[in-house]
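> Sending over final.json (JSON, C-alpha atoms).
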[["chain", "number", "residue", "atom", "x", "y", "z"],
["A", 214, "MET", "CA", 63.04, -80.12, 174.19],
["A", 215, "PRO", "CA", 64.23, -76.94, 175.97],
["A", 216, "THR", "CA", 64.50, -73.84, 173.79],
["A", 217, "MET", "CA", 68.30, -73.69, 173.92],
["A", 218, "ASN", "CA", 68.59, -77.34, 172.98],
["A", 219, "ARG", "CA", 66.21, -76.94, 170.05],
["A", 220, "ARG", "CA", 68.28, -73.97, 168.82],
["A", 221, "ALA", "CA", 71.51, -75.89, 169.23],
["A", 222, "PHE", "CA", 70.00, -78.82, 167.35],
["A", 223, "ALA", "CA", 68.77, -76.55, 164.55],
["A", 224, "ALA", "CA", 72.17, -74.87, 164.32],
["A", 225, "SER", "CA", 73.99, -78.18, 164.15],
["A", 226, "GLY", "CA", 71.58, -79.40, 161.52],
["A", 227, "SER", "CA", 72.12, -76.26, 159.44],
["A", 228, "ALA", "CA", 75.88, -76.69, 159.75],
["A", 229, "ALA", "CA", 75.63, -80.27, 158.57],
["A", 230, "LEU", "CA", 73.45, -79.24, 155.64],
["A", 231, "LEU", "CA", 75.90, -76.47, 154.72],
["A", 232, "ALA", "CA", 78.82, -78.88, 154.94],
["A", 233, "SER", "CA", 77.07, -81.21, 152.49],
["A", 234, "PHE", "CA", 77.19, -78.40, 149.93],
["A", 235, "VAL", "CA", 80.70, -77.05, 150.56],
["A", 236, "SER", "CA", 82.67, -80.26, 150.94],
["A", 237, "PRO", "CA", 81.97, -82.01, 147.70],
["A", 238, "ALA", "CA", 84.22, -83.90, 145.39],
["A", 239, "TRP", "CA", 87.18, -82.10, 146.97],
["A", 240, "ALA", "CA", 86.81, -84.29, 150.05],
["A", 241, "ALA", "CA", 88.29, -87.18, 148.05],
["A", 242, "TYR", "CA", 91.07, -85.11, 146.47],
["A", 243, "PRO", "CA", 93.21, -86.41, 144.93],
["A", 244, "ASP", "CA", 91.59, -89.45, 143.31],
["A", 245, "LYS", "CA", 93.67, -89.40, 140.11],
["A", 246, "PRO", "CA", 97.24, -88.45, 139.14],
["A", 247, "VAL", "CA", 98.40, -84.87, 139.72],
["A", 248, "LYS", "CA", 100.39, -83.33, 136.88],
["A", 249, "LEU", "CA", 103.33, -81.05, 137.72],
["A", 250, "VAL", "CA", 104.28, -79.05, 134.63],
["A", 251, "VAL", "CA", 107.87, -77.90, 134.14],
["A", 252, "PRO", "CA", 107.95, -75.34, 131.32],
["A", 253, "TRP", "CA", 111.59, -76.10, 130.48],
["A", 254, "ALA", "CA", 113.67, -79.02, 129.25],
["A", 255, "ALA", "CA", 115.94, -81.01, 131.56],
["A", 256, "GLY", "CA", 117.88, -78.91, 134.07],
["A", 257, "SER", "CA", 117.72, -77.67, 137.65],
["A", 258, "THR", "CA", 113.97, -76.99, 137.61],
["A", 259, "ASP", "CA", 113.24, -80.44, 136.23],
["A", 260, "ALA", "CA", 115.45, -82.02, 138.92],
["A", 261, "ILE", "CA", 113.66, -80.04, 141.67],
["A", 262, "ALA", "CA", 110.26, -81.06, 140.30],
["A", 263, "ARG", "CA", 111.16, -84.74, 140.13],
["A", 264, "ALA", "CA", 112.58, -84.80, 143.65],
["A", 265, "MET", "CA", 109.40, -83.22, 145.02],
["A", 266, "ALA", "CA", 107.05, -85.31, 142.85],
["A", 267, "GLN", "CA", 108.66, -88.56, 143.92],
["A", 268, "ARG", "CA", 108.19, -87.77, 147.59],
["A", 269, "MET", "CA", 104.70, -86.28, 147.23],
["A", 270, "SER", "CA", 103.56, -89.37, 145.31],
["A", 271, "GLN", "CA", 104.29, -91.40, 148.43],
["A", 272, "THR", "CA", 102.21, -89.22, 150.74],
["A", 273, "ILE", "CA", 99.45, -87.42, 148.85],
["A", 274, "GLY", "CA", 97.48, -90.51, 147.87],
["A", 275, "SER", "CA", 97.95, -90.35, 144.06],
["A", 276, "PRO", "CA", 100.91, -90.25, 141.68],
["A", 277, "VAL", "CA", 102.45, -86.84, 141.01],
["A", 278, "ILE", "CA", 103.74, -86.90, 137.44],
["A", 279, "VAL", "CA", 106.27, -84.41, 136.06],
["A", 280, "ASP", "CA", 105.26, -83.13, 132.62],
["A", 281, "ASN", "CA", 108.00, -81.26, 130.71],
["A", 282, "ARG", "CA", 106.55, -78.72, 128.27],
["A", 283, "PRO", "CA", 109.46, -76.60, 127.04],
["A", 284, "GLY", "CA", 109.32, -73.94, 124.34],
["A", 285, "ALA", "CA", 108.97, -70.21, 123.74],
["A", 286, "ALA", "CA", 111.07, -69.29, 126.79],
["A", 287, "GLY", "CA", 108.74, -71.19, 129.12],
["A", 288, "MET", "CA", 105.53, -69.67, 127.76],
["A", 289, "ILE", "CA", 104.07, -72.87, 126.27],
["A", 290, "GLY", "CA", 104.00, -74.92, 129.45],
["A", 291, "THR", "CA", 103.10, -71.98, 131.69],
["A", 292, "ASP", "CA", 100.18, -70.95, 129.49],
["A", 293, "ALA", "CA", 98.89, -74.53, 129.44],
["A", 294, "VAL", "CA", 98.66, -74.50, 133.24],
["A", 295, "ALA", "CA", 97.05, -71.05, 133.27],
["A", 296, "LYS", "CA", 94.29, -72.43, 131.02],
["A", 297, "ALA", "CA", 93.93, -75.80, 132.80],
["A", 298, "ALA", "CA", 90.92, -76.72, 134.94],
["A", 299, "PRO", "CA", 91.27, -75.21, 138.45],
["A", 300, "ASP", "CA", 90.81, -78.55, 140.18],
["A", 301, "GLY", "CA", 94.23, -79.16, 141.73],
["A", 302, "TYR", "CA", 95.25, -81.77, 139.18],
["A", 303, "THR", "CA", 97.50, -79.47, 137.12],
["A", 304, "LEU", "CA", 100.29, -77.49, 138.79],
["A", 305, "ALA", "CA", 103.37, -75.61, 137.61],
["A", 306, "ILE", "CA", 106.74, -74.65, 138.90],
["A", 307, "VAL", "CA", 107.42, -70.98, 138.19],
["A", 308, "GLU", "CA", 110.71, -69.23, 138.80],
["A", 309, "LEU", "CA", 112.63, -66.00, 138.41],
["A", 310, "PRO", "CA", 112.31, -65.83, 134.59],
["A", 311, "HIS", "CA", 108.54, -65.72, 135.02],
["A", 312, "ALA", "CA", 108.85, -62.46, 136.98],
["A", 313, "ILE", "CA", 111.27, -61.01, 134.42],
["A", 314, "ALA", "CA", 109.14, -61.97, 131.39],
["A", 315, "PRO", "CA", 106.53, -59.18, 131.70],
["A", 316, "ALA", "CA", 109.34, -56.60, 131.59],
["A", 317, "VAL", "CA", 110.98, -58.00, 128.44],
["A", 318, "THR", "CA", 108.12, -59.69, 126.54],
["A", 319, "ALA", "CA", 105.56, -57.54, 124.75],
["A", 320, "LYS", "CA", 102.68, -60.03, 124.62],
["A", 321, "LEU", "CA", 102.57, -62.76, 127.22],
["A", 322, "PRO", "CA", 99.66, -65.21, 126.84],
["A", 323, "TYR", "CA", 99.16, -65.28, 130.63],
["A", 324, "ASP", "CA", 99.45, -63.01, 133.66],
["A", 325, "LEU", "CA", 101.56, -64.36, 136.52],
["A", 326, "LEU", "CA", 99.53, -62.56, 139.19],
["A", 327, "ARG", "CA", 96.05, -62.92, 137.68],
["A", 328, "ASP", "CA", 96.02, -66.41, 136.18],
["A", 329, "PHE", "CA", 97.55, -68.46, 139.01],
["A", 330, "THR", "CA", 96.84, -69.26, 142.64],
["A", 331, "PRO", "CA", 100.07, -69.35, 144.67],
["A", 332, "VAL", "CA", 100.73, -72.55, 146.65],
["A", 333, "THR", "CA", 104.18, -72.19, 148.24],
["A", 334, "MET", "CA", 107.72, -71.08, 147.67],
["A", 335, "ILE", "CA", 110.11, -73.97, 147.05],
["A", 336, "GLY", "CA", 113.55, -72.45, 147.46],
["A", 337, "THR", "CA", 116.17, -69.97, 146.35],
["A", 338, "SER", "CA", 119.70, -70.02, 144.98],
["A", 339, "ALA", "CA", 121.97, -66.99, 144.78],
["A", 340, "LEU", "CA", 123.50, -66.30, 141.40],
["A", 341, "VAL", "CA", 127.26, -66.63, 141.18],
["A", 342, "PHE", "CA", 129.57, -64.56, 139.02],
["A", 343, "PHE", "CA", 132.05, -67.02, 137.52],
["A", 344, "ALA", "CA", 135.33, -65.94, 135.93],
["A", 345, "GLY", "CA", 138.35, -67.73, 134.51],
["A", 346, "MET", "CA", 141.41, -68.82, 136.45],
["A", 347, "GLY", "CA", 143.77, -66.01, 135.38],
["A", 348, "ASP", "CA", 145.60, -63.68, 137.75],
["A", 349, "ASP", "CA", 143.31, -60.82, 136.71],
["A", 350, "SER", "CA", 140.38, -62.59, 138.37],
["A", 351, "LYS", "CA", 141.85, -63.63, 141.71],
["A", 352, "ASP", "CA", 139.06, -61.69, 143.39],
["A", 353, "PHE", "CA", 136.17, -59.50, 142.30],
["A", 354, "LYS", "CA", 137.86, -56.18, 143.06],
["A", 355, "THR", "CA", 140.87, -57.17, 140.96],
["A", 356, "PHE", "CA", 138.51, -58.29, 138.21],
["A", 357, "LEU", "CA", 136.72, -54.92, 138.17],
["A", 358, "LYS", "CA", 140.01, -52.98, 138.22],
["A", 359, "THR", "CA", 141.31, -54.98, 135.23],
["A", 360, "ALA", "CA", 138.00, -54.61, 133.38],
["A", 361, "ALA", "CA", 137.91, -50.85, 133.93],
["A", 362, "ALA", "CA", 141.47, -50.50, 132.66],
["A", 363, "ALA", "CA", 140.68, -52.49, 129.52],
["A", 364, "ALA", "CA", 137.54, -50.45, 128.87],
["A", 365, "ALA", "CA", 139.52, -47.20, 129.28],
["A", 366, "LYS", "CA", 141.82, -48.39, 126.48],
["A", 367, "GLY", "CA", 138.85, -48.98, 124.19],
["A", 368, "SER", "CA", 138.61, -52.74, 124.69],
["A", 369, "PRO", "CA", 135.70, -53.39, 127.07],
["A", 370, "PRO", "CA", 135.76, -57.02, 128.24],
["A", 371, "ALA", "CA", 133.00, -59.41, 127.23],
["A", 372, "ILE", "CA", 130.52, -60.96, 129.67],
["A", 373, "ALA", "CA", 128.50, -63.93, 128.47],
["A", 374, "HIS", "CA", 124.77, -64.20, 129.00],
["A", 375, "SER", "CA", 122.11, -66.79, 128.18],
["A", 376, "GLY", "CA", 120.08, -64.68, 125.77],
["A", 377, "ALA", "CA", 118.35, -61.31, 125.66],
["A", 378, "GLY", "CA", 116.04, -60.77, 128.63],
["A", 379, "THR", "CA", 117.41, -63.64, 130.71],
["A", 380, "VAL", "CA", 118.50, -63.11, 134.29],
["A", 381, "SER", "CA", 122.18, -63.46, 133.33],
["A", 382, "HIS", "CA", 121.68, -60.74, 130.72],
["A", 383, "LEU", "CA", 119.97, -58.35, 133.14],
["A", 384, "ALA", "CA", 122.52, -59.11, 135.86],
["A", 385, "GLY", "CA", 125.37, -58.28, 133.49],
["A", 386, "GLU", "CA", 123.71, -55.07, 132.33],
["A", 387, "LEU", "CA", 123.01, -54.01, 135.91],
["A", 388, "LEU", "CA", 126.64, -54.70, 136.82],
["A", 389, "ALA", "CA", 127.75, -52.48, 133.95],
["A", 390, "SER", "CA", 125.28, -49.78, 135.00],
["A", 391, "ARG", "CA", 126.33, -49.76, 138.66],
["A", 392, "THR", "CA", 130.11, -50.01, 138.08],
["A", 393, "LYS", "CA", 130.13, -47.68, 135.05],
["A", 394, "ILE", "CA", 132.17, -50.25, 133.12],
["A", 395, "PRO", "CA", 130.81, -50.71, 129.55],
["A", 396, "PHE", "CA", 131.04, -54.49, 129.38],
["A", 397, "ASN", "CA", 130.40, -56.08, 125.99],
["A", 398, "MET", "CA", 127.41, -58.39, 126.51],
["A", 399, "VAL", "CA", 127.66, -61.56, 124.39],
["A", 400, "PRO", "CA", 124.64, -63.90, 124.02],
["A", 401, "TYR", "CA", 124.94, -67.69, 124.27],
["A", 402, "ARG", "CA", 122.44, -70.52, 124.11],
["A", 403, "GLY", "CA", 122.46, -71.26, 127.81],
["A", 404, "SER", "CA", 124.93, -71.28, 130.67],
["A", 405, "ALA", "CA", 126.76, -74.45, 129.66],
["A", 406, "PRO", "CA", 128.41, -73.03, 126.51],
["A", 407, "ALA", "CA", 128.82, -69.64, 128.19],
["A", 408, "LEU", "CA", 130.78, -71.13, 131.08],
["A", 409, "THR", "CA", 132.84, -73.27, 128.71],
["A", 410, "ASP", "CA", 134.00, -70.06, 127.05],
["A", 411, "VAL", "CA", 134.64, -68.46, 130.44],
["A", 412, "ALA", "CA", 136.95, -71.37, 131.22],
["A", 413, "ALA", "CA", 138.65, -70.96, 127.82],
["A", 414, "GLY", "CA", 139.16, -67.22, 128.32],
["A", 415, "THR", "CA", 136.99, -66.25, 125.34],
["A", 416, "VAL", "CA", 134.80, -64.15, 127.66],
["A", 417, "VAL", "CA", 135.69, -62.85, 131.11],
["A", 418, "GLY", "CA", 132.65, -63.92, 133.12],
["A", 419, "HIS", "CA", 129.08, -65.14, 133.38],
["A", 420, "PHE", "CA", 126.30, -65.00, 136.00],
["A", 421, "ALA", "CA", 124.87, -68.47, 136.67],
["A", 422, "THR", "CA", 123.61, -70.73, 139.44],
["A", 423, "LEU", "CA", 125.97, -72.99, 141.37],
["A", 424, "ALA", "CA", 124.36, -76.01, 139.72],
["A", 425, "SER", "CA", 125.23, -74.68, 136.26],
["A", 426, "GLY", "CA", 128.87, -74.13, 137.14],
["A", 427, "SER", "CA", 129.46, -77.08, 139.45],
["A", 428, "SER", "CA", 131.30, -79.39, 137.02],
["A", 429, "LEU", "CA", 133.75, -76.75, 135.75],
["A", 430, "LEU", "CA", 134.15, -75.40, 139.28],
["A", 431, "GLY", "CA", 134.96, -78.88, 140.55],
["A", 432, "ALA", "CA", 137.56, -79.24, 137.80],
["A", 433, "ASN", "CA", 139.18, -75.91, 138.81],
["A", 434, "ARG", "CA", 138.50, -74.41, 135.39],
["A", 435, "ILE", "CA", 136.40, -71.48, 136.59],
["A", 436, "ARG", "CA", 136.42, -69.40, 139.76],
["A", 437, "PRO", "CA", 133.44, -67.99, 141.73],
["A", 438, "LEU", "CA", 134.16, -64.32, 142.44],
["A", 439, "LEU", "CA", 130.86, -63.11, 143.85],
["A", 440, "VAL", "CA", 127.48, -64.34, 145.07],
["A", 441, "THR", "CA", 124.58, -62.01, 144.32],
["A", 442, "SER", "CA", 123.15, -62.15, 147.82],
["A", 443, "ALA", "CA", 123.24, -59.78, 150.76],
["A", 444, "GLN", "CA", 125.32, -62.26, 152.78],
["A", 445, "ARG", "CA", 127.64, -65.16, 152.05],
["A", 446, "VAL", "CA", 125.93, -68.48, 151.46],
["A", 447, "ASN", "CA", 126.69, -71.72, 153.26],
["A", 448, "LEU", "CA", 126.92, -74.06, 150.28],
["A", 449, "PRO", "CA", 129.81, -76.34, 149.24],
["A", 450, "GLY", "CA", 132.26, -74.34, 147.13],
["A", 451, "LEU", "CA", 130.78, -70.97, 148.05],
["A", 452, "GLN", "CA", 131.40, -70.55, 151.80],
["A", 453, "ASN", "CA", 134.36, -68.22, 151.20],
["A", 454, "VAL", "CA", 132.96, -66.34, 148.22],
["A", 455, "PRO", "CA", 132.21, -62.65, 149.02],
["A", 456, "ALA", "CA", 128.68, -61.30, 148.83],
["A", 457, "LEU", "CA", 127.60, -58.07, 147.15],
["A", 458, "ALA", "CA", 127.92, -55.77, 150.15],
["A", 459, "GLU", "CA", 131.56, -56.76, 150.60],
["A", 460, "ASN", "CA", 132.26, -55.31, 147.17],
["A", 461, "GLY", "CA", 130.21, -52.14, 147.55],
["A", 462, "LEU", "CA", 127.40, -53.33, 145.29],
["A", 463, "ARG", "CA", 124.31, -53.10, 147.50],
["A", 464, "GLY", "CA", 121.01, -53.17, 145.61],
["A", 465, "LEU", "CA", 122.06, -55.83, 143.11],
["A", 466, "GLU", "CA", 120.82, -58.80, 145.13],
["A", 467, "ILE", "CA", 119.51, -61.45, 142.74],
["A", 468, "ASP", "CA", 118.23, -64.85, 143.82],
["A", 469, "GLN", "CA", 117.10, -67.51, 141.45],
["A", 470, "TRP", "CA", 113.91, -68.89, 142.99],
["A", 471, "TRP", "CA", 111.28, -71.54, 142.41],
["A", 472, "ALA", "CA", 107.63, -71.66, 143.48],
["A", 473, "LEU", "CA", 104.59, -73.90, 143.10],
["A", 474, "VAL", "CA", 101.38, -72.49, 141.62],
["A", 475, "ALA", "CA", 97.98, -73.75, 140.46],
["A", 476, "PRO", "CA", 95.43, -72.27, 138.04],
["A", 477, "ALA", "CA", 93.47, -69.32, 139.39],
["A", 478, "THR", "CA", 90.31, -70.15, 141.41],
["A", 479, "THR", "CA", 91.59, -73.57, 142.49],
["A", 480, "PRO", "CA", 89.66, -74.32, 145.73],
["A", 481, "LEU", "CA", 91.49, -73.07, 148.79],
["A", 482, "ASP", "CA", 91.19, -76.36, 150.68],
["A", 483, "VAL", "CA", 92.94, -78.07, 147.77],
["A", 484, "ILE", "CA", 95.62, -75.36, 147.75],
["A", 485, "GLU", "CA", 96.19, -75.88, 151.47],
["A", 486, "LYS", "CA", 96.53, -79.65, 151.06],
["A", 487, "LEU", "CA", 99.03, -79.15, 148.24],
["A", 488, "ARG", "CA", 100.96, -76.62, 150.31],
["A", 489, "ARG", "CA", 101.24, -79.00, 153.29],
["A", 490, "GLU", "CA", 102.30, -81.88, 151.08],
["A", 491, "ALA", "CA", 104.86, -79.79, 149.19],
["A", 492, "ILE", "CA", 106.45, -78.42, 152.36],
["A", 493, "ALA", "CA", 106.53, -81.90, 153.92],
["A", 494, "ALA", "CA", 108.32, -83.12, 150.80],
["A", 495, "LEU", "CA", 110.85, -80.28, 151.01],
["A", 496, "GLU", "CA", 111.59, -81.24, 154.61],
["A", 497, "HIS", "CA", 112.22, -84.90, 153.79],
["A", 498, "PRO", "CA", 115.94, -85.86, 153.94],
["A", 499, "SER", "CA", 116.01, -87.34, 150.42],
["A", 500, "VAL", "CA", 114.64, -84.13, 148.90],
["A", 501, "LYS", "CA", 116.86, -81.94, 151.06],
["A", 502, "GLU", "CA", 119.91, -83.85, 149.91],
["A", 503, "ARG", "CA", 118.99, -83.61, 146.22],
["A", 504, "LEU", "CA", 118.23, -79.90, 146.36],
["A", 505, "SER", "CA", 121.36, -79.17, 148.39],
["A", 506, "VAL", "CA", 123.46, -80.70, 145.59],
["A", 507, "LEU", "CA", 121.76, -78.25, 143.22],
["A", 508, "GLY", "CA", 122.63, -75.34, 145.50],
["A", 509, "VAL", "CA", 118.99, -74.74, 146.44],
["A", 510, "GLN", "CA", 118.16, -73.43, 149.88],
["A", 511, "MET", "CA", 114.63, -74.61, 150.70],
["A", 512, "LYS", "CA", 112.11, -71.96, 151.66],
["A", 513, "GLY", "CA", 108.41, -72.73, 152.10],
["A", 514, "SER", "CA", 105.73, -70.05, 152.44],
["A", 515, "THR", "CA", 102.02, -69.38, 152.75],
["A", 516, "PRO", "CA", 100.05, -68.59, 149.57],
["A", 517, "ALA", "CA", 99.69, -64.97, 150.73],
["A", 518, "GLU", "CA", 103.43, -64.62, 151.27],
["A", 519, "LEU", "CA", 104.11, -66.07, 147.83],
["A", 520, "ARG", "CA", 101.60, -63.75, 146.16],
["A", 521, "ALA", "CA", 103.26, -60.71, 147.76],
["A", 522, "PHE", "CA", 106.68, -62.00, 146.71],
["A", 523, "LEU", "CA", 105.62, -62.55, 143.09],
["A", 524, "ARG", "CA", 104.19, -59.04, 142.94],
["A", 525, "SER", "CA", 107.36, -57.48, 144.37],
["A", 526, "GLU", "CA", 109.57, -59.44, 141.97],
["A", 527, "ALA", "CA", 107.52, -58.38, 138.94],
["A", 528, "GLU", "CA", 107.74, -54.73, 140.03],
["A", 529, "ARG", "CA", 111.46, -55.02, 140.71],
["A", 530, "TRP", "CA", 112.30, -56.35, 137.26],
["A", 531, "GLN", "CA", 110.15, -53.75, 135.54],
["A", 532, "LYS", "CA", 112.31, -51.12, 137.25],
["A", 533, "ALA", "CA", 115.52, -52.98, 136.37],
["A", 534, "ALA", "CA", 114.57, -53.19, 132.69],
["A", 535, "HIS", "CA", 113.83, -49.48, 132.71],
["A", 536, "GLU", "CA", 117.20, -48.71, 134.35],
["A", 537, "ILE", "CA", 119.16, -50.47, 131.61],
["A", 538, "GLY", "CA", 116.89, -49.29, 128.80],
["A", 539, "LEU", "CA", 115.57, -52.73, 127.87],
["A", 540, "GLN", "CA", 112.33, -52.59, 125.89],
["A", 541, "PRO", "CA", 109.78, -55.43, 125.67],
["A", 542, "GLN", "CA", 110.17, -57.42, 122.45]]
Would you mind giving the structure from this file in structure tokens?

Amino acid sequence: MPTMNRRAFAASGSAALLASFVSPAWAAYPDKPVKLVVPWAAGSTDAIARAMAQRMSQTIGSPVIVDNRPGAAGMIGTDAVAKAAPDGYTLAIVELPHAIAPAVTAKLPYDLLRDFTPVTMIGTSALVFFAGMGDDSKDFKTFLKTAAAAAAKGSPPAIAHSGAGTVSHLAGELLASRTKIPFNMVPYRGSAPALTDVAAGTVVGHFATLASGSSLLGANRIRPLLVTSAQRVNLPGLQNVPALAENGLRGLEIDQWWALVAPATTPLDVIEKLRREAIAALEHPSVKERLSVLGVQMKGSTPAELRAFLRSEAERWQKAAHEIGLQPQ
């Protein structure tokens, strides 16, 4: 055998031997059900997870089962995934509250950047500022003018939020900080009761997703005055709603977002397979239709892009909490 051929043969043999060590049990992945943990009760995140899981179950080769583990502001389910085996059989959907949590929670049982391997972004949804149907809220500028006048008379108007440290709370506090209007921030147990009181005129407004306000919006009981994005969004009911820049509020852009993660050290070939399957599911018409109804604009990513995004979001909300004087509890 000529020298070059012997070397080529030896090299190919070494490659084959190496492959036998590095492509192990993962070659058959998945060979059992994949669990997708949602750390909340029923709602938008659960609906997103189920739409994706249904489609991925048809293409990945094993069932993808949604596992709701609510409690402790999402910490119970998220921590369970952080501590799960890094084998690709336990995943989680994380979202904006996960980036806010380190800024408002003194002792988290997990670290969003250290304890998870990013898979892909899922999508985003601009927050909407909803107000009642009165003449003083025909548009956002009129709303602010009326609010400022009331505050000057010693009666600052009340904005509802979904609990201390939630995105609606921080959004309301940031609005007060940037407009210099001392809104009275009133906590509620979620957006549903908050928006009901917006419709009743008990409070003047509430930041929420389109999905949260869709039923009252459809019944003409609340009005969307502002989307917290840099530009207007092309979603039913929001096409004509002004964005932040149109009201002189640059720097307050807030998107609700969702992303798929796995436990840290999950093999990269498994992560890549999950990423491809997740993005393929997001591009399927049935999933697109379901997420569009929820006001979600789909947005896939690479793991590296998602890691950089998670880091920037965590840093951003640390700064926001500092701006409004919110201390971790």
> Please compute the CA of Asp352 in chain A-CA of Leu439 in chain A distance, one decimal, in Å.
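The value is 8.3 Å.
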> For Gln510 in chain A, which residue out of A:Asp259, A:Asp468, A:Asp410, A:Glu528 is the nearest one, using all atoms listed in the file?
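Counting all atoms listed in the file, the residue closest to Gln510 in chain A is A:Asp468.
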> I'd like the neighbourhood of Gly378 in chain A as an mmCIF file with C-alpha atoms, keeping the file's coordinate frame, where a residue qualifies if any of its atoms comes within 9 Å (using only C-alpha atoms), though same-chain residues fewer than 5 positions away should be ignored.

data_model
loop_
_atom_site.group_PDB
_atom_site.id
_atom_site.type_symbol
_atom_site.label_atom_id
_atom_site.label_comp_id
_atom_site.auth_asym_id
_atom_site.auth_seq_id
_atom_site.Cartn_x
_atom_site.Cartn_y
_atom_site.Cartn_z
ATOM 1 C CA PRO A 310 112.310 -65.830 134.590
ATOM 2 C CA ILE A 313 111.270 -61.010 134.420
ATOM 3 C CA ALA A 314 109.140 -61.970 131.390
ATOM 4 C CA ALA A 316 109.340 -56.600 131.590
ATOM 5 C CA VAL A 317 110.980 -58.000 128.440
ATOM 6 C CA THR A 318 108.120 -59.690 126.540
ATOM 7 C CA LEU A 383 119.970 -58.350 133.140
ATOM 8 C CA ALA A 534 114.570 -53.190 132.690
ATOM 9 C CA LEU A 539 115.570 -52.730 127.870
ATOM 10 C CA PRO A 541 109.780 -55.430 125.670
#
> I want to know what sits within 6 Å of range 245-257 of chain A, based on all atoms listed in the file, with residues of the same chain fewer than 5 positions away left out; could you give that as a tab-separated table (two decimals) with C-alpha atoms, keeping the file's coordinate frame?

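To be explicit, this is the file written out as part_21.tsv:
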chain	number	residue	atom	x	y	z
A	275	SER	CA	97.95	-90.35	144.06
A	276	PRO	CA	100.91	-90.25	141.68
A	277	VAL	CA	102.45	-86.84	141.01
A	278	ILE	CA	103.74	-86.90	137.44
A	279	VAL	CA	106.27	-84.41	136.06
A	280	ASP	CA	105.26	-83.13	132.62
A	281	ASN	CA	108.00	-81.26	130.71
A	282	ARG	CA	106.55	-78.72	128.27
A	283	PRO	CA	109.46	-76.60	127.04
A	287	GLY	CA	108.74	-71.19	129.12
A	290	GLY	CA	104.00	-74.92	129.45
A	291	THR	CA	103.10	-71.98	131.69
A	302	TYR	CA	95.25	-81.77	139.18
A	303	THR	CA	97.50	-79.47	137.12
A	304	LEU	CA	100.29	-77.49	138.79
A	305	ALA	CA	103.37	-75.61	137.61
A	306	ILE	CA	106.74	-74.65	138.90
> Could you state the separation of CA of Gly418 in chain A and CA of Leu448 in chain A in Å, given to one decimal place?
20.7 Å
> State, in Å with one decimal place, the distance from CA of Gly450 in chain A to CA of Ala494 in chain A.
25.8 Å
> Is it possible to get the residues within 12 Å of (119.5, -67.6, 148.0) (coordinates as in the file, counting all atoms listed in the file) written as a ChimeraX atom specification?
/A:309,335-341,422-423,440-448,451,456,466-471,505,507-512
> Would you kindly return, as a list of chain:residue names, each protein, DNA or RNA residue with an atom no farther than 9 Å from any atom of Ser375 in chain A, considering all atoms listed in the file and excluding same-chain residues fewer than 6 positions away?
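Returned residues: A:Ser381, A:His382, A:Val399, A:Pro400, A:Tyr401, A:Arg402, A:Gly403, A:Ser404, A:Ala407, A:His419.
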> Those selected residues, please, written with C-alpha atoms and delivered as a JSON list (two decimals), keeping the file's coordinate frame.

[["chain", "number", "residue", "atom", "x", "y", "z"],
["A", 381, "SER", "CA", 122.18, -63.46, 133.33],
["A", 382, "HIS", "CA", 121.68, -60.74, 130.72],
["A", 399, "VAL", "CA", 127.66, -61.56, 124.39],
["A", 400, "PRO", "CA", 124.64, -63.90, 124.02],
["A", 401, "TYR", "CA", 124.94, -67.69, 124.27],
["A", 402, "ARG", "CA", 122.44, -70.52, 124.11],
["A", 403, "GLY", "CA", 122.46, -71.26, 127.81],
["A", 404, "SER", "CA", 124.93, -71.28, 130.67],
["A", 407, "ALA", "CA", 128.82, -69.64, 128.19],
["A", 419, "HIS", "CA", 129.08, -65.14, 133.38]]
> Name all residues at most 10 Å from range 356-362 of chain A (count only C-alpha atoms; drop same-chain ones fewer than 6 positions away) and give them as a list in words.
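After dropping sequence-adjacent residues, the list is Ala344, Gly347, Asp348, Asp349, Ser350, Ser368, Pro369, Pro370, Ala371, Thr392, Lys393, Ile394, Pro395, Phe396, Val417, Gly418 and Leu438 of chain A.
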> Mind listing as a PyMOL selection string all residues within 10 Å of (135.6, -69.1, 129.1), counting all atoms listed in the file?
chain A and resi 343-346+372-373+406-419+434-435
> Quick one: contact table of range 408-490 of chain A to range 517-524 of chain A, 10 Å max, nearest atom pair and distance in Å to one decimal per residue, counting all atoms listed in the file, chain and number order, as CSV?

residue,atom,partner,partner_atom,distance
A:Ala472,CA,A:Leu519,CA,7.9
A:Leu473,CA,A:Leu519,CA,9.2
A:Val474,CA,A:Leu519,CA,9.3
> Residues within 12 Å of Arg488 in chain A, please, as a list in words. Count only C-alpha atoms; anything in the same chain fewer than 4 positions from it doesn't count.
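Non-adjacent residues within range: Met265, Met269, Ile273, Gly301, Leu304, Thr330, Pro331, Val332, Thr333, Met334, Ile335, Ala472, Leu473, Val474, Ala475, Leu481, Asp482, Val483, Ile484, Ile492, Ala493, Ala494, Leu495, Gly513, Ser514, Thr515, Pro516, Ala517 and Leu519 of chain A.
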